[in-house]
Structures are given as structure tokens and as C-alpha cells.
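Notes to accompany the following structure.
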Amino acid sequence: MRPDQPTDTGGNIRCAEAIELVTLHLDDALDNRDRRLFERHVDACTGCTRYVAQIRQTIDLTRRVLEHTSVARQPQNNELRAAFVARRRRSV
Amino acid sequence: MVAALRGGEADRFDDLVRELTPGLTRMARMYVSGALAGDVVQDTWVAVIEAIDTFEGRSSLKTWIYRILLNKVRTLATREARAVPVASLGPDHDPTGPRLELVHDELGPGYWPAPPEPWETLAPERLERNETLDRIAEAIEALPTAQREVVELRDVQGWSASDTADALGITDVNQRVLLHRGRKAIRNALEEHLRAS
């Protein structure tokens with residue numbers, strides 16, 4: 001799983017470090033140096049490539065929890081509407 | 001929207017209530033049980049009606065309303081002695097599944113012992129099933145509250161990082177740490193679920 005040999009002073013990161021950068025990466029919030037390190041590692045690492053794909057799948061599936069579990073469309077809340085109308089009358 | 005509300009447009013107010021009430025209710029239920037959660041959401045809207053003239057627009061209307069809700073529901077939860085330590089970031093371990101042990105035979109700690117199996121080949125028929133979504137919902141519920149709030153807004157409701165941090169009154173960095181831990185825990189629970197097939 002080692003991406004490549006540590007050859008330069010730019011440093012290489014291990015899988016454990018790459019995994020910790022995934023959320024920042026997906027938010028496009030890595031600084032240039034970390035982005036380079038992250039991309040270089042993941043591009044060469046099957047394990048981390050799959051892990052990033054699984055995190056993306058996790059996010060996609062989590063998004064579907066809303067429609068899966070949510071209550072039905074809200075009925076009009078007449079009590080609140082009346083309170084709103086009464087309050088705005090006082091303001092004008 | 002704010003101008004429309006101040007102008008007394010009741011239909012726009014209805015739209016806003018309908019749009020935000022489900023999410024507000026989900027958030028309230030992290031702290032209090034069902035009926036009480038409904039009451040807190042109703043109280044939140046009453047507070048919005050009263051305070052809309054004082055809304056300064058420093059945040060978005062949506063995050064402002066969530067802050068009102070969280071303020072109310074956290075106070076209530078404390079009073080009900082069901083308080084959850086909101087300030088804590090939660091433990092950095094996965095409460096719902098096995099920890100990732102990254103130790104490679106030759107490369108040592110910090111490297112995958114073997115690449116994780118792609119979910120498409122692990123359990124292709126189960127990935128899209130309702131039971132998988134149920135498992136995710138359970139994994140979210142098992143998260144520490146601080147992580148759960150962030151996962152709820154970012155990944156369930158699809159909010160931006162900045163709106164989420166703003167609504168929860170936390171820094172961007174904390175928001176990201178909490179999201180990261182939460183996603184990791186859900187991913188691990190999901191893998192365990194798929195592996196069990």
C-alpha cells in the first residue's frame with residue numbers, strides 16, 4: 001500500500017494520515033502542501049482510493065436518510081399563521 | 001425573505017415554516033422526546049415572529065432560526081436533566097463499530113493491512129436497500145450529540161460548512177473535526193453491516 005518510496009524532502013504521508021485529511025479534501029479546504037501530499041498518496045494507494053470512495057458513498061447514502069425517515073409534508077400551521085398576522089399588524 | 005416577513009406576507013411565512021419545521025424537529029429530537037420536540041419547534045416559531053424585526057442579517061435567516069431552537073432546546077434539556085455535554089467534541093473512537101486497525105505486515109503501523117473491499121463487490125445487492133439506510137440512521141443516532149448535530153446539518157440536510165458552524169455556534173475547525181469523526185463512525189458501521197451479509 002505504500003504509495004512510493006520516500007525520495008524527496010516534501011515528505012510522504014501514510015494511509016493513517018491520508019484518512020485524517022479526507023474531510024478537508026472533500027470540502028476543498030486543504031492548503032497546497034497538504035493537498036499535494038494527499039493527492040500523491042491517494043493516487044498511488046488502492047486502500048485509500050477505496051476508502052475515499054466509501055466516504056463519498058457514505059455521504060450520498062446519509063443524504064438519503066432524510067427522505068427515508070422524514071415525516072410527511074408539513075400541513076399548514078394555522079396557529080402560527082394567525083400569530084404571525086397578528087404580530088405584523090401590531091408592527092405597522 | 002426577511003423583507004417579505006417584515007412586510008407581513010403570511011404565505012411566505014407559511015412556506016418558511018413548512019420548509020424548516022421537519023429539520024428543526026429532527027434537531028430538537030436529539031435533546032428531547034417527540035411531543036416535547038414539537039412544542040419547542042412551535043415556541044421557536046413564536047420567537048421568530050416576535051423577533052424578526054430585530055434580526056440583523058449577520059447570519060442567514062435559516063441559521064438564526066436554528067440558533068433560537070438550539071438555545072431553547074438545550075435549556076430545556078438541561079432543565080429536564082437530560083443534558084448532553086454539548087461542548088465536548090466527543091470521543092475520538094467509533095461507538096458503533098470496530099476501529100480501523102491500520103497495520104501492514106511489512107510496512108508497519110499507519111498502512112492498510114489490505115485494501116478495504118469495495119462495497120460494490122462486498123454486498124452489491126444490499127447497498128441500496130432500506131435496511132442499509134436504517135443502519136445509517138441508527139449509526140447517526142449512536143453518535144455523540146456534538147457529532148450528530150454536525151452530521152445532521154452537513155450530510156443529512158446538505159448544509160454548507162459555514163452555515164453549519166454558524167447555526168451550531170462552533171468554529172469551522174471544530175465543525176470539520178466533528179464531521180470527520182461522525183462520517184468515519186458511520187462508514188465503519190456501514191462496512192460492518194455490509195460485511196455481515
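Following the order of the C-alpha cells, first chain is A, next is B, and so on, with residues numbered from 1 inside each chain and ligands from 1 in the order they appear.
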Subject >> Shell of 10 Å around Val52 (chain A), only C-alpha atoms, local chain residues under 6 positions omitted, as a ChimeraX atom specification >> reply: /A:18-19,22-23,25-26,42,58
Original post:
Would you list which chain B residues are within 6 Å of chain A using only C-alpha atoms, as a VMD selection string?
Top reply: chain B and resid 8 18 49 110 to 111 115 to 116 133 155 to 156 180 187
Original post:
DSSP on the backbone: what in chain A comes out helix (DSSP H, G or I), as an MDAnalysis selection string?
Top reply: chainID A and resid 15:20 22:26 32:44 46:69 78:91
Original post:
What is the CA of Ala167 (chain B) to CA of Arg181 (chain B) distance in Å?
Top reply: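 Taking CA of Ala167 (chain B) and CA of Arg181 (chain B), their separation equals 19.2 Å.
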Original post:
Can you list, as a PyMOL selection string, every protein, DNA or RNA residue that comes within 9 Å of Asp163 (chain B) when you count only C-alpha atoms, leaving out same-chain residues fewer than 5 positions away?
Top reply: chain B and resi 59-60+62-63+153-154+168
Original post:
Residues at most 12 Å from region 66-82 of chain B, counting only C-alpha atoms, excluding those fewer than 2 positions away in the same chain, as a ChimeraX atom specification?
Top reply: /B:20-33,36-52,55,59-64,84-87,145-146,149,153,163-170
Next, the residues of the selection above should be written as a compact mmCIF listing (two decimals), in the first residue's frame with N, CA and C atoms.
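So the final result, stored in out_33.txt, reads:
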```txt
# COMPACT_ATOMS: atom_id res chain seq x y z
N LEU B 20 -38.76 24.59 7.00
CA LEU B 20 -37.77 24.36 8.06
C LEU B 20 -38.25 23.48 9.21
N THR B 21 -39.55 23.34 9.37
CA THR B 21 -40.04 22.59 10.53
C THR B 21 -39.54 21.14 10.61
N PRO B 22 -39.51 20.38 9.50
CA PRO B 22 -39.01 18.99 9.64
C PRO B 22 -37.58 18.93 10.16
N GLY B 23 -36.70 19.76 9.64
CA GLY B 23 -35.31 19.75 10.09
C GLY B 23 -35.16 20.23 11.52
N LEU B 24 -35.93 21.27 11.87
CA LEU B 24 -35.89 21.77 13.25
C LEU B 24 -36.37 20.69 14.21
N THR B 25 -37.38 19.94 13.79
CA THR B 25 -37.91 18.88 14.64
C THR B 25 -36.88 17.77 14.83
N ARG B 26 -36.21 17.40 13.75
CA ARG B 26 -35.16 16.38 13.86
C ARG B 26 -34.07 16.83 14.84
N MET B 27 -33.72 18.11 14.75
CA MET B 27 -32.69 18.63 15.65
C MET B 27 -33.18 18.61 17.10
N ALA B 28 -34.41 19.04 17.32
CA ALA B 28 -34.95 19.09 18.68
C ALA B 28 -35.00 17.70 19.30
N ARG B 29 -35.28 16.70 18.47
CA ARG B 29 -35.39 15.32 18.98
C ARG B 29 -34.06 14.75 19.45
N MET B 30 -32.98 15.41 19.12
CA MET B 30 -31.69 14.96 19.67
C MET B 30 -31.64 15.23 21.17
N TYR B 31 -32.45 16.16 21.62
CA TYR B 31 -32.38 16.59 23.02
C TYR B 31 -33.58 16.16 23.84
N VAL B 32 -34.75 16.18 23.25
CA VAL B 32 -35.97 15.86 23.99
C VAL B 32 -36.84 14.92 23.17
N SER B 33 -37.80 14.32 23.84
CA SER B 33 -38.61 13.32 23.15
C SER B 33 -39.65 13.98 22.25
N LEU B 36 -42.48 16.82 23.09
CA LEU B 36 -41.78 17.99 23.60
C LEU B 36 -41.01 18.69 22.47
N ALA B 37 -40.45 17.89 21.59
CA ALA B 37 -39.71 18.45 20.44
C ALA B 37 -40.65 19.32 19.60
N GLY B 38 -41.86 18.82 19.38
CA GLY B 38 -42.84 19.60 18.62
C GLY B 38 -43.16 20.93 19.30
N ASP B 39 -43.26 20.89 20.63
CA ASP B 39 -43.53 22.12 21.39
C ASP B 39 -42.40 23.13 21.24
N VAL B 40 -41.18 22.61 21.31
CA VAL B 40 -40.03 23.52 21.22
C VAL B 40 -39.97 24.17 19.85
N VAL B 41 -40.28 23.40 18.82
CA VAL B 41 -40.28 23.96 17.47
C VAL B 41 -41.36 25.05 17.36
N GLN B 42 -42.52 24.77 17.90
CA GLN B 42 -43.60 25.77 17.90
C GLN B 42 -43.15 27.04 18.63
N ASP B 43 -42.54 26.86 19.81
CA ASP B 43 -42.03 28.01 20.58
C ASP B 43 -40.99 28.79 19.78
N THR B 44 -40.19 28.05 19.03
CA THR B 44 -39.16 28.70 18.21
C THR B 44 -39.80 29.62 17.19
N TRP B 45 -40.85 29.13 16.54
CA TRP B 45 -41.52 29.96 15.54
C TRP B 45 -42.18 31.19 16.17
N VAL B 46 -42.73 31.00 17.35
CA VAL B 46 -43.32 32.15 18.04
C VAL B 46 -42.23 33.19 18.32
N ALA B 47 -41.05 32.70 18.73
CA ALA B 47 -39.94 33.62 18.99
C ALA B 47 -39.49 34.32 17.71
N VAL B 48 -39.50 33.58 16.60
CA VAL B 48 -39.14 34.17 15.31
C VAL B 48 -40.12 35.28 14.95
N ILE B 49 -41.41 35.02 15.14
CA ILE B 49 -42.44 36.02 14.84
C ILE B 49 -42.19 37.29 15.66
N GLU B 50 -41.85 37.08 16.93
CA GLU B 50 -41.63 38.24 17.81
C GLU B 50 -40.36 39.01 17.47
N ALA B 51 -39.34 38.29 17.02
CA ALA B 51 -38.01 38.90 16.92
C ALA B 51 -37.58 39.26 15.51
N ILE B 52 -38.44 39.01 14.53
CA ILE B 52 -37.99 39.19 13.14
C ILE B 52 -37.54 40.63 12.87
N PHE B 55 -33.83 40.95 13.76
CA PHE B 55 -32.85 40.13 13.04
C PHE B 55 -31.93 41.05 12.25
N SER B 59 -26.16 36.66 10.12
CA SER B 59 -26.13 35.27 9.67
C SER B 59 -27.29 35.12 8.70
N SER B 60 -27.45 33.93 8.14
CA SER B 60 -28.62 33.74 7.30
C SER B 60 -29.84 33.56 8.19
N LEU B 61 -31.00 33.78 7.62
CA LEU B 61 -32.24 33.63 8.38
C LEU B 61 -32.35 32.20 8.94
N LYS B 62 -31.99 31.24 8.10
CA LYS B 62 -32.08 29.83 8.49
C LYS B 62 -31.20 29.52 9.71
N THR B 63 -29.95 29.97 9.66
CA THR B 63 -29.06 29.65 10.79
C THR B 63 -29.51 30.40 12.05
N TRP B 64 -30.05 31.60 11.87
CA TRP B 64 -30.56 32.36 13.01
C TRP B 64 -31.70 31.59 13.67
N VAL B 84 -26.96 16.79 27.49
CA VAL B 84 -25.88 16.09 26.83
C VAL B 84 -24.71 17.07 26.81
N PRO B 85 -23.52 16.61 27.09
CA PRO B 85 -22.38 17.54 27.08
C PRO B 85 -22.10 18.02 25.66
N VAL B 86 -22.65 19.19 25.37
CA VAL B 86 -22.59 19.69 24.01
C VAL B 86 -21.20 20.22 23.66
N ALA B 87 -20.52 20.74 24.69
CA ALA B 87 -19.24 21.38 24.41
C ALA B 87 -18.18 20.37 24.01
N THR B 145 -23.66 13.68 20.74
CA THR B 145 -24.56 14.73 20.23
C THR B 145 -23.85 15.77 19.36
N ALA B 146 -22.67 16.18 19.78
CA ALA B 146 -21.97 17.23 19.01
C ALA B 146 -21.67 16.76 17.59
N GLU B 149 -25.09 16.48 15.60
CA GLU B 149 -25.62 17.76 15.10
C GLU B 149 -24.97 18.15 13.78
N LEU B 153 -26.76 18.36 9.99
CA LEU B 153 -26.85 19.54 9.13
C LEU B 153 -26.05 19.38 7.85
N ASP B 163 -22.56 27.60 7.16
CA ASP B 163 -23.90 27.68 7.77
C ASP B 163 -23.99 26.76 8.99
N THR B 164 -23.39 25.59 8.86
CA THR B 164 -23.44 24.62 9.96
C THR B 164 -22.72 25.14 11.19
N ALA B 165 -21.50 25.64 10.98
CA ALA B 165 -20.73 26.18 12.10
C ALA B 165 -21.49 27.35 12.74
N ASP B 166 -22.09 28.18 11.89
CA ASP B 166 -22.82 29.35 12.35
C ASP B 166 -24.04 28.95 13.19
N ALA B 167 -24.83 28.01 12.68
CA ALA B 167 -26.04 27.60 13.40
C ALA B 167 -25.69 26.96 14.73
N LEU B 168 -24.61 26.20 14.77
CA LEU B 168 -24.26 25.48 15.99
C LEU B 168 -23.38 26.31 16.93
N GLY B 169 -22.95 27.48 16.45
CA GLY B 169 -22.11 28.33 17.29
C GLY B 169 -20.75 27.72 17.59
N ILE B 170 -20.19 27.03 16.61
CA ILE B 170 -18.85 26.44 16.78
C ILE B 170 -17.94 26.96 15.66
```
